[in-house]
Amino acid sequence: MTFPSEPDAVGRDLPRRDGPVKVLGTAGYAGDAPLADAAYLHAVQATIARGRVTALDTTAAEALDGVVAVLTPATAERLASTEDRELAVLQDEEIAFRGQVVALVVADSSEVARHAAALVRVGYAPQAHDVELRADRDDLYAPEKVNPDFPADTSEGDVDAALAAAAVTVDETYTTAMYHNNPMEPHTTAALWDPAGDGFLTLWDSTQGVHPTRAVLAPLFGLDEARVRVVCPYVGGGFGSKGQPHVNVVLAAMAARAVPGRPVRIALTRQQMFALAGYRTPTVQRCRLGADRDGRLTALAVDVVEQTSRIKEFAEQTGVPARMMYAAANRRTTHRLAALDVPVPSWMRAPGECPGMFGPEVAMDELAERLGLDPVELRIRNEPAVEPGSGKPFSSRDLVGCLREGAARFDWARRDPRPGVRRRGDWLVGTGVAASTYPVNRMTKSTATIRREGGRYVAEIGAADLGTGTWTTLAQIAADALGVPVDRVEVRIGDTDHPVASVAGGSSGMTTWGSAVVEAARAFRAEHGAEPPDGAEASGAVGPADDRYAMHAFGAQFAEARVHIDTGEVRVARLLGVFAAGRIINPRTARSQFVGGMTMGLSMALHEQSVLDPRTGHVVNHDFADYHIAANADVDGIEAHWLPEHDPHVNAMGSKGIGEIGIVGTAAAVSNAVWHACGVRVRNLPITLDKVL
Ligand code: MOS
């Protein structure tokens with residue numbers, strides 16, 4: 001199934017349709033849900049990392065003017081399912097991590113709710129906790145699967161023998177830090193329980209997927225999905241942390257049912273987001289490479305150690321990208337987890353690929369150094385003919401094109417390979433490169449409806465726009481699939497009243513929803529012809545992926561780093577990414593995704609790091625004063641380019657997902673540039689000045 005004719009709207013630089021309402025401040029986010037007389041919620045959090053609550057004194061809180069109720073494990077509703085222990089809030093007195101919710105205040109204003117929460121007295125029976133991830137722990141275990149459904153370990157050939165026989169080897173350990181997703185809009189939910197009939201729950205939630213949120217929430221409350229509606233037309237960012245509902249959604253629903261007929265609102269504070277909304281696990285990656293004198297890889301091994309929580313397993317697939325990047329006859333990857341007394345880790349932009357392309361891509365640079373070979377050339381020499389592991393042909397793979405285009409734009413040919421020899425004033429200057437990749441993911445469940453309404457064409461699907469461009473790009477796809485001008489197409493998304501849509505996650509949105517829209521348009525044209533009457537309607541669903549091919553987007557990241565000779569301050573003067581990511585639906589929204597991802601990668605390289613105090617299990621830098629994120633002044637120049645690529649196998653549009661690839665490989669390129677600048681290999685992120693002095 002492809003477009004009926006050459007695309008006209010797809011590929012055009014159209015402005016965001018949601019731009020004006022966002023700039024005017026009239027876009028209705030979850031916190032703006034127009035609800036009169038809403039009650040406000042504030043969570044009371046545990047101040048120990050493991051143990052039991054032995055006493056909860058709510059007297060002072062309840063005595064405060066404006067407090068409606070205080071929910072505790074003794075008074076809160078029993079959930080119909082407590083299997084997901086992250087979401088089984090206020091169901092018992094056990095404390096599994098510091099910051100866990102132990103009580104919930106419902107009050108007439110957010111200020112009163114917050115003040116009352118501080119008046120709740122909590123007694124604890126603490127137990128010794130353990131929050132320290134180390135690769136030498138003796139309780140590491142192999143998970144059954146890593147996210148979302150990959151084997152934990154893979155092995156082909158004989159890595160140890162190949163390493164022993166290799167002319168040149170690298171054997172180093174790399175680490176990435178704990179990172180917290182920090183979208184501008186905090187996790188926010190409003191809820192209204194209408195007790196009429198059998199009862200009906202409406203949630204206005206800041207989410208990456210209204211239907212997935214409903215699918216998780218309804219059974220927790222023993223409700224049929226038809227009795228729950230989730231509304232979310234706009235999202236102020238998510239980066240994965242709104243891909244699955246967190247405890248704020250459960251608390252909102254619980255409180256709404258405790259005060260039937262009265263709406264409730266909750267917004268996590270920035271500090272609460274550091275315990276309650278997911279995060280990226282720290283990783284330890286031992287990377288071993290073996291190569292012959294010409295730089296052809298003979299062995300590649302990546303052994304990953306990372307953490308999960310004691311109450312719910314999340315295994316980041318950090319070793320997965322190394323399985324398919326380069327040709328090497330002998331390959332091995334492993335994942336081992338420590339289950340700690342920590343909050344539950346989850347998705348953060350490019351789970352797996354983002355941390356998992358740090359170690360191997362710095363190791364490739366170290367290998368190039370030892371071989372005396374250019375790092376761009378080393379990667380080109382190790383291009384696989386088919387996907388390593390599966391043996392499948394790539395639907396398209398243009399890593400080489402990205403490397404060459406980037407090298408040309410970066411003037412790479414004139415690069416002196418020696419480290420530490422270029423100086424500009426008080427700064428040492430260097431350049432580095434790393435590869436980037438992200439899979440083309442397609443979800444199974446998405447349906448779109450197209451209807452003729454008042455001379456326009458309306459495309460409806462419960463999709464999400466996290467700032468990514470969905471409002472605009474789905475209209476472009478629908479217009480071309482219908483063969484009508486794009487200004488005659490209206491898009492409606494972000495509501496479970498629309499046809500079912502998959503999560504905006506895994507960079508799968510356009511592939512999945514776009515395919516459903518194209519199918520709906522095909523059905524619409526077939527059923528209603530060229531002159532459809534008003535009210536004409538048709539639906540279509542996303543079909544299965546073509547599993548004969550290995551489908552991935554690729555990219556090359558180039559960085560110029562400067563290291564101050566006295567202070568060790570590291571600055572990134574220039575970042576340049578070239579991507580081969582299928583057909584680009586809209587260059588404006590696409591560039592924003594690439595540049596946004598690269599900025600987040602720069603942030604990971606130089607700044608971001610959640611500092612967990614082992615004595616308390618507390619992230620001590622849990623706010624924007626101390627958790628550093630690259631700001632305007634940290635970004636000197638970022639360019640994103642892409643190669644013309646139309647992949648006929650991935651979907652009707654020929655497009656690949658682009659929301660996540662920009663963050664992949666960026667930190668490795670920066671670390672490689674820092675080495676080239678000053679001669680110091682920084683294998684442990686972030687690259688702070690103490691590590692280069
Ligand atoms: Mo992305 S972390 O899969 O929302």
# chains A, B, ... in the order shown; residues from 1 in each chain; ligands from 1

$ closest_atom_pairs --of "chain A" --to "ligand 1" --cutoff "6 Å" --atoms "only C-alpha atoms and all ligand atoms" --output "tab-separated table"
residue	atom	partner	partner_atom_place_in_ligand_line	distance
A:Phe239	CA	ligand 1	4 (O)	5.0
A:Gly240	CA	ligand 1	4 (O)	3.1
A:Gly243	CA	ligand 1	4 (O)	5.5
A:Trp347	CA	ligand 1	2 (S)	4.3
A:Met348	CA	ligand 1	2 (S)	3.9
A:Arg349	CA	ligand 1	2 (S)	3.6
A:Ala350	CA	ligand 1	2 (S)	5.1
A:Pro351	CA	ligand 1	2 (S)	5.7
A:Gly505	CA	ligand 1	3 (O)	3.5
A:Gly506	CA	ligand 1	3 (O)	3.4

$ residues_around --residues "segment 438-454 of chain A" --least-positions-apart "5" --cutoff "8 Å" --atoms "only C-alpha atoms" --output "ChimeraX atom specification"
/A:350,353,459-461,499-502,506-509,511-513,516-517,519-521,524,532-545,551-554,650,656-657,660-661,664

$ write_last_selection --atoms "N, CA and C atoms" --output "compact mmCIF listing (two decimals), in the first residue's frame"
# COMPACT_ATOMS: atom_id res chain seq x y z
N ALA A 350 15.12 6.97 23.64
CA ALA A 350 15.98 5.91 23.11
C ALA A 350 16.52 4.98 24.20
N GLU A 353 19.33 2.10 22.97
CA GLU A 353 20.26 2.70 22.00
C GLU A 353 21.04 3.86 22.60
N ALA A 459 -9.64 13.41 9.87
CA ALA A 459 -8.96 12.16 10.25
C ALA A 459 -8.90 12.08 11.76
N GLU A 460 -9.46 11.00 12.29
CA GLU A 460 -9.51 10.83 13.75
C GLU A 460 -8.71 9.60 14.17
N ILE A 461 -7.90 9.79 15.19
CA ILE A 461 -7.14 8.68 15.77
C ILE A 461 -6.65 9.16 17.14
N PRO A 499 -10.63 6.63 17.45
CA PRO A 499 -10.22 5.22 17.30
C PRO A 499 -8.90 4.92 18.01
N VAL A 500 -8.73 3.67 18.40
CA VAL A 500 -7.61 3.25 19.25
C VAL A 500 -6.26 3.54 18.59
N ALA A 501 -5.34 4.06 19.39
CA ALA A 501 -4.00 4.36 18.89
C ALA A 501 -2.96 3.86 19.88
N SER A 502 -1.80 3.54 19.35
CA SER A 502 -0.69 3.04 20.16
C SER A 502 0.03 4.21 20.82
N GLY A 506 9.03 4.65 21.31
CA GLY A 506 9.86 3.87 20.40
C GLY A 506 9.91 4.47 19.00
N SER A 507 9.72 5.78 18.91
CA SER A 507 9.71 6.48 17.62
C SER A 507 8.78 5.79 16.62
N SER A 508 7.69 5.24 17.14
CA SER A 508 6.80 4.42 16.31
C SER A 508 5.57 5.16 15.82
N GLY A 509 5.38 6.38 16.29
CA GLY A 509 4.11 7.08 16.04
C GLY A 509 3.75 7.21 14.58
N THR A 511 5.04 5.80 11.89
CA THR A 511 4.94 4.52 11.21
C THR A 511 3.58 3.87 11.48
N THR A 512 3.18 3.90 12.75
CA THR A 512 1.98 3.17 13.15
C THR A 512 0.71 3.95 12.79
N TRP A 513 0.59 5.18 13.31
CA TRP A 513 -0.64 5.95 13.07
C TRP A 513 -0.74 6.34 11.60
N ALA A 516 -2.09 3.57 9.63
CA ALA A 516 -3.54 3.44 9.85
C ALA A 516 -4.29 4.50 9.04
N VAL A 517 -3.77 5.72 9.03
CA VAL A 517 -4.41 6.81 8.28
C VAL A 517 -4.41 6.50 6.78
N GLU A 519 -4.35 3.53 5.42
CA GLU A 519 -5.33 2.45 5.22
C GLU A 519 -6.76 3.00 5.25
N ALA A 520 -7.02 3.91 6.16
CA ALA A 520 -8.36 4.51 6.24
C ALA A 520 -8.66 5.29 4.97
N ALA A 521 -7.67 5.99 4.46
CA ALA A 521 -7.85 6.77 3.24
C ALA A 521 -8.10 5.86 2.04
N PHE A 524 -11.54 4.70 2.33
CA PHE A 524 -12.45 5.82 2.05
C PHE A 524 -12.59 6.04 0.54
N PRO A 532 -17.05 12.18 -2.56
CA PRO A 532 -17.72 11.60 -1.39
C PRO A 532 -18.78 12.54 -0.81
N PRO A 533 -19.93 12.02 -0.46
CA PRO A 533 -20.96 12.86 0.15
C PRO A 533 -20.59 13.22 1.59
N ASP A 534 -21.19 14.28 2.10
CA ASP A 534 -20.98 14.65 3.49
C ASP A 534 -21.39 13.48 4.40
N GLY A 535 -20.61 13.22 5.40
CA GLY A 535 -20.92 12.12 6.31
C GLY A 535 -20.28 10.80 5.89
N ALA A 536 -19.74 10.76 4.66
CA ALA A 536 -19.06 9.53 4.23
C ALA A 536 -17.92 9.22 5.18
N GLU A 537 -17.72 7.94 5.47
CA GLU A 537 -16.75 7.58 6.50
C GLU A 537 -16.12 6.24 6.18
N ALA A 538 -14.87 6.06 6.57
CA ALA A 538 -14.22 4.75 6.44
C ALA A 538 -13.10 4.64 7.46
N SER A 539 -12.79 3.43 7.84
CA SER A 539 -11.73 3.20 8.82
C SER A 539 -10.67 2.28 8.25
N GLY A 540 -9.49 2.35 8.83
CA GLY A 540 -8.41 1.46 8.44
C GLY A 540 -7.50 1.23 9.62
N ALA A 541 -6.86 0.07 9.64
CA ALA A 541 -5.98 -0.27 10.75
C ALA A 541 -4.57 -0.53 10.25
N VAL A 542 -3.60 -0.30 11.12
CA VAL A 542 -2.21 -0.58 10.77
C VAL A 542 -2.05 -2.09 10.58
N GLY A 543 -1.32 -2.46 9.56
CA GLY A 543 -1.06 -3.88 9.33
C GLY A 543 0.26 -4.28 9.96
N PRO A 544 0.62 -5.57 9.82
CA PRO A 544 1.88 -6.03 10.41
C PRO A 544 3.09 -5.50 9.63
N ALA A 545 4.23 -5.45 10.29
CA ALA A 545 5.47 -5.04 9.62
C ALA A 545 5.93 -6.15 8.68
N MET A 551 14.96 -3.38 9.86
CA MET A 551 14.63 -1.98 9.60
C MET A 551 15.17 -1.08 10.71
N HIS A 552 16.05 -0.20 10.33
CA HIS A 552 16.65 0.74 11.28
C HIS A 552 16.95 2.05 10.56
N ALA A 553 16.92 3.12 11.32
CA ALA A 553 17.47 4.39 10.83
C ALA A 553 18.93 4.47 11.29
N PHE A 554 19.72 5.23 10.55
CA PHE A 554 21.14 5.38 10.90
C PHE A 554 21.54 6.85 10.88
N VAL A 650 9.38 -0.03 4.81
CA VAL A 650 9.05 0.29 6.21
C VAL A 650 7.57 0.59 6.42
N LYS A 656 10.97 6.62 8.46
CA LYS A 656 11.44 5.94 9.67
C LYS A 656 11.25 6.88 10.85
N GLY A 657 11.15 6.33 12.05
CA GLY A 657 10.96 7.18 13.23
C GLY A 657 12.19 8.04 13.50
N GLU A 660 13.93 9.74 18.39
CA GLU A 660 14.93 9.32 19.37
C GLU A 660 16.35 9.24 18.83
N ILE A 661 16.51 9.05 17.52
CA ILE A 661 17.85 8.80 17.00
C ILE A 661 18.82 9.95 17.27
N VAL A 664 21.19 9.49 20.12
CA VAL A 664 22.02 8.28 20.09
C VAL A 664 23.40 8.59 19.48

$ atom_distance --atom1 "atom CA of Ala673 of chain A" --atom2 "atom CA of Val563 of chain A"
9.8 Å

$ closest_residue --among "A:Tyr29, A:Met364, A:Glu313, A:Phe410" --to "Glu144 of chain A" --atoms "only C-alpha atoms"
A:Glu313

$ residues_around --residues "segment 374-380 of chain A" --least-positions-apart "2" --cutoff "6 Å" --atoms "only C-alpha atoms" --output "ChimeraX atom specification"
/A:365,368,382-383,400

$ residues_around --residues "Lys392 of chain A" --least-positions-apart "5" --cutoff "6 Å" --atoms "only C-alpha atoms" --output "ChimeraX atom specification"
/A:386-387,549-550

$ atom_distance --atom1 "atom CA of Pro384 of chain A" --atom2 "atom CA of Pro419 of chain A"
29.4 Å

$ residues_around --residues "Thr468 of chain A" --least-positions-apart "4" --cutoff "8 Å" --atoms "only C-alpha atoms" --output "PyMOL selection string"
chain A and resi 589+592-593+659

$ write_last_selection --atoms "C-alpha atoms" --output "mmCIF file, in the first residue's frame"
data_model
loop_
_atom_site.group_PDB
_atom_site.id
_atom_site.type_symbol
_atom_site.label_atom_id
_atom_site.label_comp_id
_atom_site.auth_asym_id
_atom_site.auth_seq_id
_atom_site.Cartn_x
_atom_site.Cartn_y
_atom_site.Cartn_z
ATOM 1 C CA THR A 589 9.187 19.278 12.671
ATOM 2 C CA SER A 592 13.268 19.985 15.630
ATOM 3 C CA GLN A 593 13.332 16.294 16.609
ATOM 4 C CA GLY A 659 12.076 11.125 17.693
#

$ residues_around --residues "Leu693 of chain A" --least-positions-apart "5" --cutoff "10 Å" --atoms "only C-alpha atoms" --output "VMD selection string"
chain A and resid 563 to 569 678 680 688

$ closest_residue --among "A:Leu24, A:Ile95, A:Met184, A:Val10" --to "Ile477 of chain A" --atoms "only C-alpha atoms"
A:Val10

$ select_by_dssp --residues "segment 24-74 of chain A" --states "alpha helix (DSSP H)" --output "list in words"
Leu24, Thr59, Ala60, Ala61, Glu62 and Ala63 of chain A

$ closest_residue --among "A:Thr308, A:Gln45, A:Thr54, A:Thr298" --to "Ala327 of chain A" --atoms "only C-alpha atoms"
A:Thr298

$ residues_around --residues "Thr269 of chain A" --least-positions-apart "6" --cutoff "12 Å" --atoms "only C-alpha atoms" --output "ChimeraX atom specification"
/A:41-45,110,114,182-188,248,275-277,622-624

$ closest_residue --among "A:Asp57, A:Asp224, A:Asp13, A:Glu86" --to "Ala118 of chain A" --atoms "only C-alpha atoms"
A:Asp57

$ closest_residue --among "A:Ala161, A:Leu367, A:Ala463, A:Ala39" --to "Val231 of chain A" --atoms "only C-alpha atoms"
A:Ala463

$ closest_residue --among "A:Val23, A:Ile629, A:Ile585, A:Val305" --to "Ala338 of chain A" --atoms "only C-alpha atoms"
A:Val305

$ atom_distance --atom1 "atom CA of Thr189 of chain A" --atom2 "atom CA of Val344 of chain A"
19.8 Å

$ decode --residues "segment 469-599 of chain A" --atoms "C-alpha atoms" --output "JSON list (two decimals), in the first residue's frame"
[["chain", "number", "residue", "atom", "x", "y", "z"],
["A", 469, "GLY", "CA", 4.46, 17.47, 15.21],
["A", 470, "THR", "CA", 1.69, 14.86, 15.00],
["A", 471, "TRP", "CA", -1.07, 17.45, 14.54],
["A", 472, "THR", "CA", 0.67, 18.62, 11.38],
["A", 473, "THR", "CA", 2.30, 15.51, 9.94],
["A", 474, "LEU", "CA", -0.77, 13.28, 10.17],
["A", 475, "ALA", "CA", -2.66, 15.88, 8.14],
["A", 476, "GLN", "CA", 0.09, 15.78, 5.51],
["A", 477, "ILE", "CA", -0.09, 11.99, 5.32],
["A", 478, "ALA", "CA", -3.90, 11.97, 5.18],
["A", 479, "ALA", "CA", -3.96, 14.62, 2.44],
["A", 480, "ASP", "CA", -1.64, 12.66, 0.16],
["A", 481, "ALA", "CA", -3.36, 9.37, 0.90],
["A", 482, "LEU", "CA", -6.70, 10.95, -0.02],
["A", 483, "GLY", "CA", -5.25, 12.96, -2.89],
["A", 484, "VAL", "CA", -6.67, 16.24, -1.55],
["A", 485, "PRO", "CA", -5.06, 19.54, -0.56],
["A", 486, "VAL", "CA", -3.69, 19.48, 2.98],
["A", 487, "ASP", "CA", -5.69, 22.54, 4.05],
["A", 488, "ARG", "CA", -8.86, 20.52, 3.52],
["A", 489, "VAL", "CA", -7.79, 17.94, 6.09],
["A", 490, "GLU", "CA", -8.50, 18.32, 9.78],
["A", 491, "VAL", "CA", -6.87, 16.04, 12.33],
["A", 492, "ARG", "CA", -8.37, 15.04, 15.68],
["A", 493, "ILE", "CA", -6.14, 13.24, 18.16],
["A", 494, "GLY", "CA", -5.56, 12.83, 21.89],
["A", 495, "ASP", "CA", -8.86, 11.36, 23.08],
["A", 496, "THR", "CA", -10.01, 7.78, 23.71],
["A", 497, "ASP", "CA", -13.27, 8.78, 22.00],
["A", 498, "HIS", "CA", -11.24, 8.58, 18.78],
["A", 499, "PRO", "CA", -10.22, 5.22, 17.30],
["A", 500, "VAL", "CA", -7.61, 3.25, 19.25],
["A", 501, "ALA", "CA", -4.00, 4.36, 18.89],
["A", 502, "SER", "CA", -0.69, 3.04, 20.16],
["A", 503, "VAL", "CA", 1.73, 4.86, 22.45],
["A", 504, "ALA", "CA", 3.93, 7.68, 21.17],
["A", 505, "GLY", "CA", 6.99, 5.65, 22.06],
["A", 506, "GLY", "CA", 9.86, 3.87, 20.40],
["A", 507, "SER", "CA", 9.71, 6.48, 17.62],
["A", 508, "SER", "CA", 6.80, 4.42, 16.31],
["A", 509, "GLY", "CA", 4.11, 7.08, 16.04],
["A", 510, "MET", "CA", 4.28, 8.08, 12.40],
["A", 511, "THR", "CA", 4.94, 4.52, 11.21],
["A", 512, "THR", "CA", 1.98, 3.17, 13.15],
["A", 513, "TRP", "CA", -0.64, 5.95, 13.07],
["A", 514, "GLY", "CA", 0.42, 7.10, 9.59],
["A", 515, "SER", "CA", -0.07, 3.57, 8.28],
["A", 516, "ALA", "CA", -3.54, 3.44, 9.85],
["A", 517, "VAL", "CA", -4.41, 6.81, 8.28],
["A", 518, "VAL", "CA", -3.23, 5.61, 4.86],
["A", 519, "GLU", "CA", -5.33, 2.45, 5.22],
["A", 520, "ALA", "CA", -8.36, 4.51, 6.24],
["A", 521, "ALA", "CA", -7.85, 6.77, 3.24],
["A", 522, "ARG", "CA", -7.56, 3.79, 0.92],
["A", 523, "ALA", "CA", -10.85, 2.39, 2.28],
["A", 524, "PHE", "CA", -12.45, 5.82, 2.05],
["A", 525, "ARG", "CA", -11.50, 6.24, -1.61],
["A", 526, "ALA", "CA", -12.59, 2.70, -2.43],
["A", 527, "GLU", "CA", -15.96, 3.07, -0.71],
["A", 528, "HIS", "CA", -16.86, 6.64, -1.55],
["A", 529, "GLY", "CA", -15.04, 7.49, -4.78],
["A", 530, "ALA", "CA", -13.83, 10.89, -5.89],
["A", 531, "GLU", "CA", -16.97, 12.82, -4.91],
["A", 532, "PRO", "CA", -17.72, 11.60, -1.39],
["A", 533, "PRO", "CA", -20.96, 12.86, 0.15],
["A", 534, "ASP", "CA", -20.98, 14.65, 3.49],
["A", 535, "GLY", "CA", -20.92, 12.12, 6.31],
["A", 536, "ALA", "CA", -19.06, 9.53, 4.23],
["A", 537, "GLU", "CA", -16.75, 7.58, 6.50],
["A", 538, "ALA", "CA", -14.22, 4.75, 6.44],
["A", 539, "SER", "CA", -11.73, 3.20, 8.82],
["A", 540, "GLY", "CA", -8.41, 1.46, 8.44],
["A", 541, "ALA", "CA", -5.98, -0.27, 10.75],
["A", 542, "VAL", "CA", -2.21, -0.58, 10.77],
["A", 543, "GLY", "CA", -1.06, -3.88, 9.33],
["A", 544, "PRO", "CA", 1.88, -6.03, 10.41],
["A", 545, "ALA", "CA", 5.47, -5.04, 9.62],
["A", 546, "ASP", "CA", 7.27, -6.74, 6.74],
["A", 547, "ASP", "CA", 9.41, -9.11, 8.79],
["A", 548, "ARG", "CA", 11.61, -10.15, 5.88],
["A", 549, "TYR", "CA", 13.73, -7.05, 6.48],
["A", 550, "ALA", "CA", 15.82, -5.56, 9.25],
["A", 551, "MET", "CA", 14.63, -1.98, 9.60],
["A", 552, "HIS", "CA", 16.65, 0.74, 11.28],
["A", 553, "ALA", "CA", 17.47, 4.39, 10.83],
["A", 554, "PHE", "CA", 21.14, 5.38, 10.90],
["A", 555, "GLY", "CA", 23.13, 8.50, 11.51],
["A", 556, "ALA", "CA", 26.58, 9.93, 12.06],
["A", 557, "GLN", "CA", 27.34, 12.45, 14.77],
["A", 558, "PHE", "CA", 30.30, 14.81, 14.57],
["A", 559, "ALA", "CA", 31.43, 17.01, 17.45],
["A", 560, "GLU", "CA", 34.00, 19.72, 18.04],
["A", 561, "ALA", "CA", 35.02, 19.99, 21.68],
["A", 562, "ARG", "CA", 37.14, 22.57, 23.46],
["A", 563, "VAL", "CA", 38.87, 21.92, 26.76],
["A", 564, "HIS", "CA", 40.19, 24.85, 28.78],
["A", 565, "ILE", "CA", 43.90, 24.40, 29.55],
["A", 566, "ASP", "CA", 43.63, 25.74, 33.13],
["A", 567, "THR", "CA", 40.14, 24.90, 34.35],
["A", 568, "GLY", "CA", 39.34, 21.80, 32.30],
["A", 569, "GLU", "CA", 35.99, 23.31, 31.34],
["A", 570, "VAL", "CA", 34.57, 21.41, 28.38],
["A", 571, "ARG", "CA", 32.51, 23.13, 25.73],
["A", 572, "VAL", "CA", 31.04, 21.74, 22.56],
["A", 573, "ALA", "CA", 31.53, 24.34, 19.87],
["A", 574, "ARG", "CA", 29.77, 22.41, 17.15],
["A", 575, "LEU", "CA", 27.58, 19.35, 16.73],
["A", 576, "LEU", "CA", 26.64, 18.05, 13.33],
["A", 577, "GLY", "CA", 24.36, 15.11, 12.70],
["A", 578, "VAL", "CA", 23.57, 13.47, 9.37],
["A", 579, "PHE", "CA", 20.73, 10.99, 9.34],
["A", 580, "ALA", "CA", 19.36, 8.42, 6.93],
["A", 581, "ALA", "CA", 15.90, 8.03, 8.33],
["A", 582, "GLY", "CA", 13.62, 7.35, 5.42],
["A", 583, "ARG", "CA", 11.39, 9.95, 3.88],
["A", 584, "ILE", "CA", 11.09, 13.08, 5.96],
["A", 585, "ILE", "CA", 7.40, 13.95, 6.37],
["A", 586, "ASN", "CA", 7.99, 17.57, 7.39],
["A", 587, "PRO", "CA", 11.49, 19.12, 7.44],
["A", 588, "ARG", "CA", 10.51, 21.68, 10.05],
["A", 589, "THR", "CA", 9.19, 19.28, 12.67],
["A", 590, "ALA", "CA", 11.85, 16.70, 11.74],
["A", 591, "ARG", "CA", 14.72, 19.14, 12.25],
["A", 592, "SER", "CA", 13.27, 19.99, 15.63],
["A", 593, "GLN", "CA", 13.33, 16.29, 16.61],
["A", 594, "PHE", "CA", 16.90, 15.75, 15.40],
["A", 595, "VAL", "CA", 18.24, 18.93, 16.97],
["A", 596, "GLY", "CA", 16.27, 18.30, 20.17],
["A", 597, "GLY", "CA", 17.68, 14.80, 20.44],
["A", 598, "MET", "CA", 21.22, 16.02, 19.80],
["A", 599, "THR", "CA", 20.81, 18.74, 22.42]]
